[in-house]
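A.B. asks: Sharing a structure, written as C-alpha cells. Questions coming.
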Amino acid sequence: MAQMMINGKSTPALSGKTLDVLAPSDGLVYDSIPRGEAADVDLACSAARAALEGPWGRFSALERSRLLLNFSRKILDHLDELTDIEARDTGKPLTAARADITVLARYFEYYGGAADKIHGQVIPFLNDYSALLVREPLGVTAHIIPWNYPAQMFGRSTAPALAMGNAVVVKPAEDACLSVIRVAELAQEVGFPPGAINIVTGLGEEAGASLAEHPGIDFISFTGSNEVGIKIQQAAALNAVKCVLELGGKTAHVVFDDANFELAVPTIIKGIVQNTGQTCVAGSRLLVQKEIYTGFMAMLAEAFAKVRAGTPEMDANCGPVISEKQFRRVNRFIDAGINDGLEIICQGEILPGVPEGGYFIAPTLFSADDHSSDLLTQEIFGPVLVALPFSDEADAIRLSNATDYGLQGAVWTENGSRQQRMARGIRCGQLYINCFGAGGGVELPFGGVKRSGHGREKGFIALEELSTTKTIVQFYGA
Ligand code: ADP
C-alpha cells in the first residue's frame, strides 16, 4: 500500500481509511492510497510550518540550489522505476511517461539553478536613507494537482516553491498519484528536512477542500476544473491568501492557406492525441481557411486514421483515458457531436489485444459548419478534434476567441505580418507560431486569461509568484 508523506515519514491516514488504485488499461485494482482527511492535512500543515521555523528555514539559497540539483539527479537515477509507476497509474505510453519523468527532473534542475540567483533591489530614496527590496518565501504553500501529468505537475508546482524556500503541502489527485508519493520518498533520501515536502492523498472534497481552507497555509496553487477552481479561490479568499489557478483551455489551431502543411499536420495531430487529449493545452479546435479546407482536411484525415490507442507497453500514440468517469464523459461528447450534426471525418484505431476493461476511446476527428456545438466550446479532455472553416483573419481571431477559455493559441502561416497580427489578436497566455507545445516548456511562462485562470507558472516568473517582497528602509544620517 502506498503511503502519504508527512513530516518526513511515510504514513497512512489517521483514520486508517484507504482508496483503491485502478489501472486505466484494464480497470483493475492493483494498489491503494491513504484516504487523508482534515486531521491529516492539519498534521501536514503543522509539519510544514515547523520546517520553516526549523532547519529548512535556515537553508541558504546556495544550499537550496544544491539540494534541488541533487534531487533532479536522484529522479533521473530512478527514471525507469518512476516511468513504470507513471505509465501504469495513468495508462499513458511508456515513452510518454519517460518523457514526463525527464521533465520532472528538468524542473528541479531549472529551479535548482535559479535558487541562488534571485537578487533583490536597492531603491534610490531620500538622502541618508537606504531602501532595500528583498525577496522572501511566502511560507507554507499548498499545491492541489491533477491526474493527467502527476509527476510533471508536482515538479511544475513545487520546484519553484522549494527554490524560494517555501515548505510545501501537496494534494495530488486520487485518480493518479503514485509517482508523486515515490518522488516524495526520494526527496527525503536526498536530504530535504522533514516537513519541507508533505504529501496528503485523498479525495478532492475531503483532503483537497481541507487543505484549500486551512488557516495555516499562505498560498494555493491549483490545476484542475473550473468548477473546483472557483471553490479554491473562495477558500483562498477566506484566509486572504493568494492563489494561482490553471483551469483548462480550448486551444484552436488556425491554419492559413500559405501554411506549411507537412509541418502542421503531424503537429496538430500530436497536439490532440498526446496524453489521450487529457491536457489543458490540447489543441482541440482546428480552424482552417475555407479555400484550403477540403485539401487540408484530406491530408489530415489520412494521417489521423493511423493514430493508435493502446496499453503503455504497446508503443501506441496514446493510452486509455484515466477512469470510467472520463470514459463516459468523452463518449457523451462524441455522441453529442453526432446529435449536433457534426460529421465524423475519421477515427483512429484501438489496437487489438487491449484488455477488455480498459478505458480506450478511438481518437475522433469531426468537421463542423459553425461554432455552435458544445464540442467547440467545452473542454472535452479526450482525443476529440473538431475542425471548422474560416474566411479571413478577422474571422479566425473571432473564432479563436469564441470560448470562455484563454490558455493557448496556435497559428500556421508563413506571412510574418499576419503572424504578429494573429498573435496579438488571440487572447491567451501562450501563443505558438508554426509549432505547438514545447516538450514540457519548463522555461516558458505559462497560464491563462479569461476562465483559464490567473497567475503564471514555469519559467523565472514562477519564482516571483512563489515569493513576496519586503521593503526595508533604514535611516543612517547623524
Ligand atoms: P478533474 O475533474 O479533472 O478530476 P478536478 O478539478 O476535480 O479535476 O481535480 C483536480 C484536483 O483537485 C484533484 O487533486 C482533486 O482531488 C482536487 N479537488 C477536487 N475537488 C476539490 C475540492 N472541492 N476542493 C479541493 N480540491 C479538490
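Residues are referred to by chain and number: the chain letter is A, B, ... according to the order shown in the C-alpha cells, the number counts from 1 in that chain, and ligands are numbered separately from 1 in the order shown.
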Please produce, as a Markdown table, a per-residue contact table for chain A versus ligand 1 (criterion: any atom at most 6 Å away, only C-alpha atoms and all ligand atoms considered), showing the nearest atom pair and its distance in Å to one decimal, sorted by chain then residue number.
C.D. replies:
```
| residue | atom | partner | partner_atom_place_in_ligand_line | distance |
| --- | --- | --- | --- | --- |
| A:Ile144 | CA | ligand 1 | 14 (O) | 5.2 |
| A:Ile145 | CA | ligand 1 | 14 (O) | 4.7 |
| A:Pro146 | CA | ligand 1 | 10 (C) | 4.3 |
| A:Lys171 | CA | ligand 1 | 14 (O) | 5.8 |
| A:Pro172 | CA | ligand 1 | 14 (O) | 4.7 |
| A:Ala173 | CA | ligand 1 | 14 (O) | 3.3 |
| A:Glu174 | CA | ligand 1 | 16 (O) | 5.6 |
| A:Leu203 | CA | ligand 1 | 16 (O) | 5.1 |
| A:Gly204 | CA | ligand 1 | 16 (O) | 3.2 |
| A:Glu205 | CA | ligand 1 | 23 (N) | 4.0 |
| A:Gly208 | CA | ligand 1 | 25 (C) | 3.6 |
| A:Ala209 | CA | ligand 1 | 24 (N) | 3.5 |
| A:Ala212 | CA | ligand 1 | 25 (C) | 5.9 |
| A:Gly224 | CA | ligand 1 | 6 (O) | 3.8 |
| A:Ser225 | CA | ligand 1 | 6 (O) | 3.7 |
| A:Val228 | CA | ligand 1 | 6 (O) | 4.9 |
```
A.B. asks: Those residues you just picked out, can you put them in a file as a PDB file, in the first residue's frame with N, CA and C atoms?
C.D. replies:
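Output below, filename again.pdb:
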```pdb
ATOM      1  N   ILE A 144      -2.543  21.825  -5.131  1.00  0.00           N
ATOM      2  CA  ILE A 144      -3.552  20.798  -5.456  1.00  0.00           C
ATOM      3  C   ILE A 144      -3.402  20.505  -6.946  1.00  0.00           C
ATOM      4  N   ILE A 145      -3.001  19.290  -7.245  1.00  0.00           N
ATOM      5  CA  ILE A 145      -2.608  18.991  -8.631  1.00  0.00           C
ATOM      6  C   ILE A 145      -3.488  17.895  -9.233  1.00  0.00           C
ATOM      7  N   PRO A 146      -3.563  17.830 -10.551  1.00  0.00           N
ATOM      8  CA  PRO A 146      -4.469  16.892 -11.226  1.00  0.00           C
ATOM      9  C   PRO A 146      -3.783  15.576 -11.593  1.00  0.00           C
ATOM     10  N   LYS A 171      -1.518  18.085  -2.439  1.00  0.00           N
ATOM     11  CA  LYS A 171      -2.645  17.145  -2.519  1.00  0.00           C
ATOM     12  C   LYS A 171      -2.711  16.684  -3.973  1.00  0.00           C
ATOM     13  N   PRO A 172      -2.128  15.510  -4.257  1.00  0.00           N
ATOM     14  CA  PRO A 172      -2.220  15.007  -5.626  1.00  0.00           C
ATOM     15  C   PRO A 172      -3.619  14.431  -5.871  1.00  0.00           C
ATOM     16  N   ALA A 173      -3.910  14.125  -7.123  1.00  0.00           N
ATOM     17  CA  ALA A 173      -5.261  13.653  -7.466  1.00  0.00           C
ATOM     18  C   ALA A 173      -5.436  12.193  -7.067  1.00  0.00           C
ATOM     19  N   GLU A 174      -6.629  11.865  -6.628  1.00  0.00           N
ATOM     20  CA  GLU A 174      -6.921  10.493  -6.199  1.00  0.00           C
ATOM     21  C   GLU A 174      -6.845   9.514  -7.368  1.00  0.00           C
ATOM     22  N   LEU A 203      -9.476  12.263  -1.248  1.00  0.00           N
ATOM     23  CA  LEU A 203     -10.472  12.799  -2.173  1.00  0.00           C
ATOM     24  C   LEU A 203     -10.410  14.324  -2.222  1.00  0.00           C
ATOM     25  N   GLY A 204     -10.809  14.853  -3.362  1.00  0.00           N
ATOM     26  CA  GLY A 204     -10.804  16.307  -3.518  1.00  0.00           C
ATOM     27  C   GLY A 204     -11.659  17.004  -2.486  1.00  0.00           C
ATOM     28  N   GLU A 205     -12.876  16.501  -2.307  1.00  0.00           N
ATOM     29  CA  GLU A 205     -13.805  17.198  -1.398  1.00  0.00           C
ATOM     30  C   GLU A 205     -13.445  16.999   0.071  1.00  0.00           C
ATOM     31  N   GLY A 208      -8.563  17.652  -0.257  1.00  0.00           N
ATOM     32  CA  GLY A 208      -8.344  18.858  -1.076  1.00  0.00           C
ATOM     33  C   GLY A 208      -9.013  20.076  -0.462  1.00  0.00           C
ATOM     34  N   ALA A 209     -10.302  19.926  -0.127  1.00  0.00           N
ATOM     35  CA  ALA A 209     -11.043  21.059   0.437  1.00  0.00           C
ATOM     36  C   ALA A 209     -10.449  21.462   1.782  1.00  0.00           C
ATOM     37  N   ALA A 212      -7.328  23.484   1.067  1.00  0.00           N
ATOM     38  CA  ALA A 212      -7.594  24.812   0.493  1.00  0.00           C
ATOM     39  C   ALA A 212      -8.055  25.804   1.556  1.00  0.00           C
ATOM     40  N   GLY A 224      -6.802  22.265 -12.393  1.00  0.00           N
ATOM     41  CA  GLY A 224      -7.918  21.326 -12.497  1.00  0.00           C
ATOM     42  C   GLY A 224      -9.117  22.000 -13.143  1.00  0.00           C
ATOM     43  N   SER A 225     -10.297  21.547 -12.757  1.00  0.00           N
ATOM     44  CA  SER A 225     -11.520  22.001 -13.418  1.00  0.00           C
ATOM     45  C   SER A 225     -11.924  23.407 -12.974  1.00  0.00           C
ATOM     46  N   VAL A 228     -14.036  23.387  -9.615  1.00  0.00           N
ATOM     47  CA  VAL A 228     -13.260  23.286  -8.373  1.00  0.00           C
ATOM     48  C   VAL A 228     -12.385  24.529  -8.198  1.00  0.00           C
TER      49      VAL A 228
END
```
A.B. asks: If you count only C-alpha atoms, which residues fall within 12 Å of Arg418 (chain A), apart from same-chain ones fewer than 2 positions away, as number ranges by chain?
C.D. replies: A: 254-259, 392-394, 396-397, 411-416, 420-425, 433
A.B. asks: Sorted by chain and rising residue number, which residues of region 175-287 of chain A lie within 7 Å of region 22-39 of chain A, and what are their closest atom pairs and distances in Å to one decimal, counting only C-alpha atoms, as CSV?
C.D. replies:
```
residue,atom,partner,partner_atom,distance
A:Val200,CA,A:Gly36,CA,6.0
A:Thr201,CA,A:Gly36,CA,5.5
A:Gly202,CA,A:Arg35,CA,4.2
A:Leu203,CA,A:Arg35,CA,6.7
A:Glu206,CA,A:Glu37,CA,5.4
A:Ala207,CA,A:Glu37,CA,4.6
A:Ser210,CA,A:Ala38,CA,5.2
```
A.B. asks: How would the residues just chosen look if you wrote them out with N, CA, C and O atoms as a compact mmCIF listing (two decimals), in the first residue's frame?
C.D. replies:
```txt
# COMPACT_ATOMS: atom_id res chain seq x y z
N VAL A 200 -0.37 14.79 1.06
CA VAL A 200 -1.59 14.24 1.64
C VAL A 200 -2.45 13.72 0.50
O VAL A 200 -2.88 14.50 -0.36
N THR A 201 -2.67 12.42 0.47
CA THR A 201 -3.53 11.85 -0.58
C THR A 201 -4.97 11.79 -0.07
O THR A 201 -5.21 11.86 1.14
N GLY A 202 -5.90 11.63 -1.00
CA GLY A 202 -7.30 11.51 -0.60
C GLY A 202 -8.22 12.14 -1.62
O GLY A 202 -7.79 12.50 -2.72
N LEU A 203 -9.48 12.26 -1.25
CA LEU A 203 -10.47 12.80 -2.17
C LEU A 203 -10.41 14.32 -2.22
O LEU A 203 -10.07 14.97 -1.23
N GLU A 206 -12.53 16.06 0.35
CA GLU A 206 -12.09 15.86 1.75
C GLU A 206 -10.70 16.48 1.95
O GLU A 206 -10.58 17.60 2.42
N ALA A 207 -9.66 15.74 1.53
CA ALA A 207 -8.30 16.26 1.74
C ALA A 207 -8.08 17.58 1.00
O ALA A 207 -7.49 18.53 1.54
N SER A 210 -10.04 20.48 2.60
CA SER A 210 -9.46 20.82 3.91
C SER A 210 -8.17 21.61 3.74
O SER A 210 -7.89 22.53 4.51
```
A.B. asks: Could you write out, as a list in words, all the residues of region 325-404 of chain A that DSSP marks as strand (DSSP E)?
C.D. replies: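 Across region 325-404 of chain A, those assigned strand (DSSP E) are Glu343, Ile344, Ile345, Cys346, Gln347, Glu349, Ile350, Thr364, Leu365, Phe366, Ser367, Val384, Leu385, Val386, Ala387, Leu388, Pro389 and Phe390 of chain A.
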A.B. asks: Write out the residues from the selection above, keeping C-alpha atoms, as a PDB file, in the first residue's frame.
C.D. replies:
```pdb
ATOM      1  CA  GLU A 343     -19.544  14.909 -39.414  1.00  0.00           C
ATOM      2  CA  ILE A 344     -17.042  12.276 -38.280  1.00  0.00           C
ATOM      3  CA  ILE A 345     -14.239  12.621 -40.842  1.00  0.00           C
ATOM      4  CA  CYS A 346     -12.266   9.695 -39.469  1.00  0.00           C
ATOM      5  CA  GLN A 347     -11.265   7.803 -36.358  1.00  0.00           C
ATOM      6  CA  GLU A 349      -7.651   2.686 -34.135  1.00  0.00           C
ATOM      7  CA  ILE A 350      -7.877   0.964 -30.764  1.00  0.00           C
ATOM      8  CA  THR A 364     -12.040  11.082 -33.401  1.00  0.00           C
ATOM      9  CA  LEU A 365     -11.858  13.876 -35.991  1.00  0.00           C
ATOM     10  CA  PHE A 366     -15.061  15.874 -36.527  1.00  0.00           C
ATOM     11  CA  SER A 367     -15.918  18.547 -39.042  1.00  0.00           C
ATOM     12  CA  VAL A 384     -11.517  14.566 -29.980  1.00  0.00           C
ATOM     13  CA  LEU A 385     -10.621  17.228 -32.550  1.00  0.00           C
ATOM     14  CA  VAL A 386     -13.252  19.420 -34.213  1.00  0.00           C
ATOM     15  CA  ALA A 387     -12.432  21.305 -37.414  1.00  0.00           C
ATOM     16  CA  LEU A 388     -14.241  24.307 -38.873  1.00  0.00           C
ATOM     17  CA  PRO A 389     -13.585  26.555 -41.907  1.00  0.00           C
ATOM     18  CA  PHE A 390     -12.983  30.315 -41.513  1.00  0.00           C
TER      19      PHE A 390
END
```
A.B. asks: Between CA of Pro363 (chain A) and CA of Gly348 (chain A), what is the distance, to one decimal in Å?
C.D. replies: 5.0 Å
A.B. asks: Name the closest residue to Leu178 (chain A) among the candidates A:Thr251, A:Ser221, A:Gln3, A:Ser60; distances are taken between atoms, counting only C-alpha atoms.
C.D. replies: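 Looking at the shortest contact to Leu178 (chain A), the residue is A:Gln3.
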A.B. asks: Nearest to Pro312 (chain A) among A:Gln430, A:Ser130, A:Asn275, A:Asn401, with distances taken over only C-alpha atoms: which residue is it?
C.D. replies: A:Asn275
A.B. asks: Give me the residues near Val273 (chain A) as a PyMOL selection string, where near means some atom within 10 Å (using only C-alpha atoms) and where sequence neighbours in that chain fewer than 5 positions away do not count.
C.D. replies: chain A and resi 267-268+278-279+282-284+304+307-309+317-319+348+363-364+382-385
A.B. asks: If we count only C-alpha atoms and set the cut-off at 9 Å, which residues sit around Leu82 (chain A), ignoring sequence neighbours fewer than 3 positions away in its own chain? Please answer as an NGL selection string.
C.D. replies: :A and (75-76 or 78-79 or 85-87 or 97-98 or 101 or 151 or 179 or 182-183)
A.B. asks: May I have a table of the residues of region 93-176 of chain A lying at most 12 Å from region 229-247 of chain A, giving each one's closest pair of atoms and their distance in Å to one decimal, counting only C-alpha atoms, ordered by chain and ascending residue number, as JSON lines?
C.D. replies:
```
{"residue": "A:Leu138", "atom": "CA", "partner": "A:Lys242", "partner_atom": "CA", "distance": 9.6}
{"residue": "A:Gly139", "atom": "CA", "partner": "A:Val241", "partner_atom": "CA", "distance": 11.0}
{"residue": "A:Val140", "atom": "CA", "partner": "A:Val241", "partner_atom": "CA", "distance": 10.8}
{"residue": "A:Thr141", "atom": "CA", "partner": "A:Cys243", "partner_atom": "CA", "distance": 9.7}
{"residue": "A:Ala142", "atom": "CA", "partner": "A:Cys243", "partner_atom": "CA", "distance": 9.3}
{"residue": "A:His143", "atom": "CA", "partner": "A:Val244", "partner_atom": "CA", "distance": 9.6}
{"residue": "A:Ile144", "atom": "CA", "partner": "A:Ile232", "partner_atom": "CA", "distance": 9.4}
{"residue": "A:Ile145", "atom": "CA", "partner": "A:Glu246", "partner_atom": "CA", "distance": 9.9}
{"residue": "A:Pro146", "atom": "CA", "partner": "A:Glu246", "partner_atom": "CA", "distance": 10.5}
{"residue": "A:Met153", "atom": "CA", "partner": "A:Glu246", "partner_atom": "CA", "distance": 11.2}
{"residue": "A:Arg156", "atom": "CA", "partner": "A:Glu246", "partner_atom": "CA", "distance": 11.9}
{"residue": "A:Ser157", "atom": "CA", "partner": "A:Val244", "partner_atom": "CA", "distance": 10.1}
```
A.B. asks: So that I can check the secondary structure, give me every residue of region 340-395 of chain A assigned helix (DSSP H, G or I) by backbone DSSP, as JSON, numbers by chain.
C.D. replies: {"A": [374, 375, 376, 377, 393, 394, 395]}
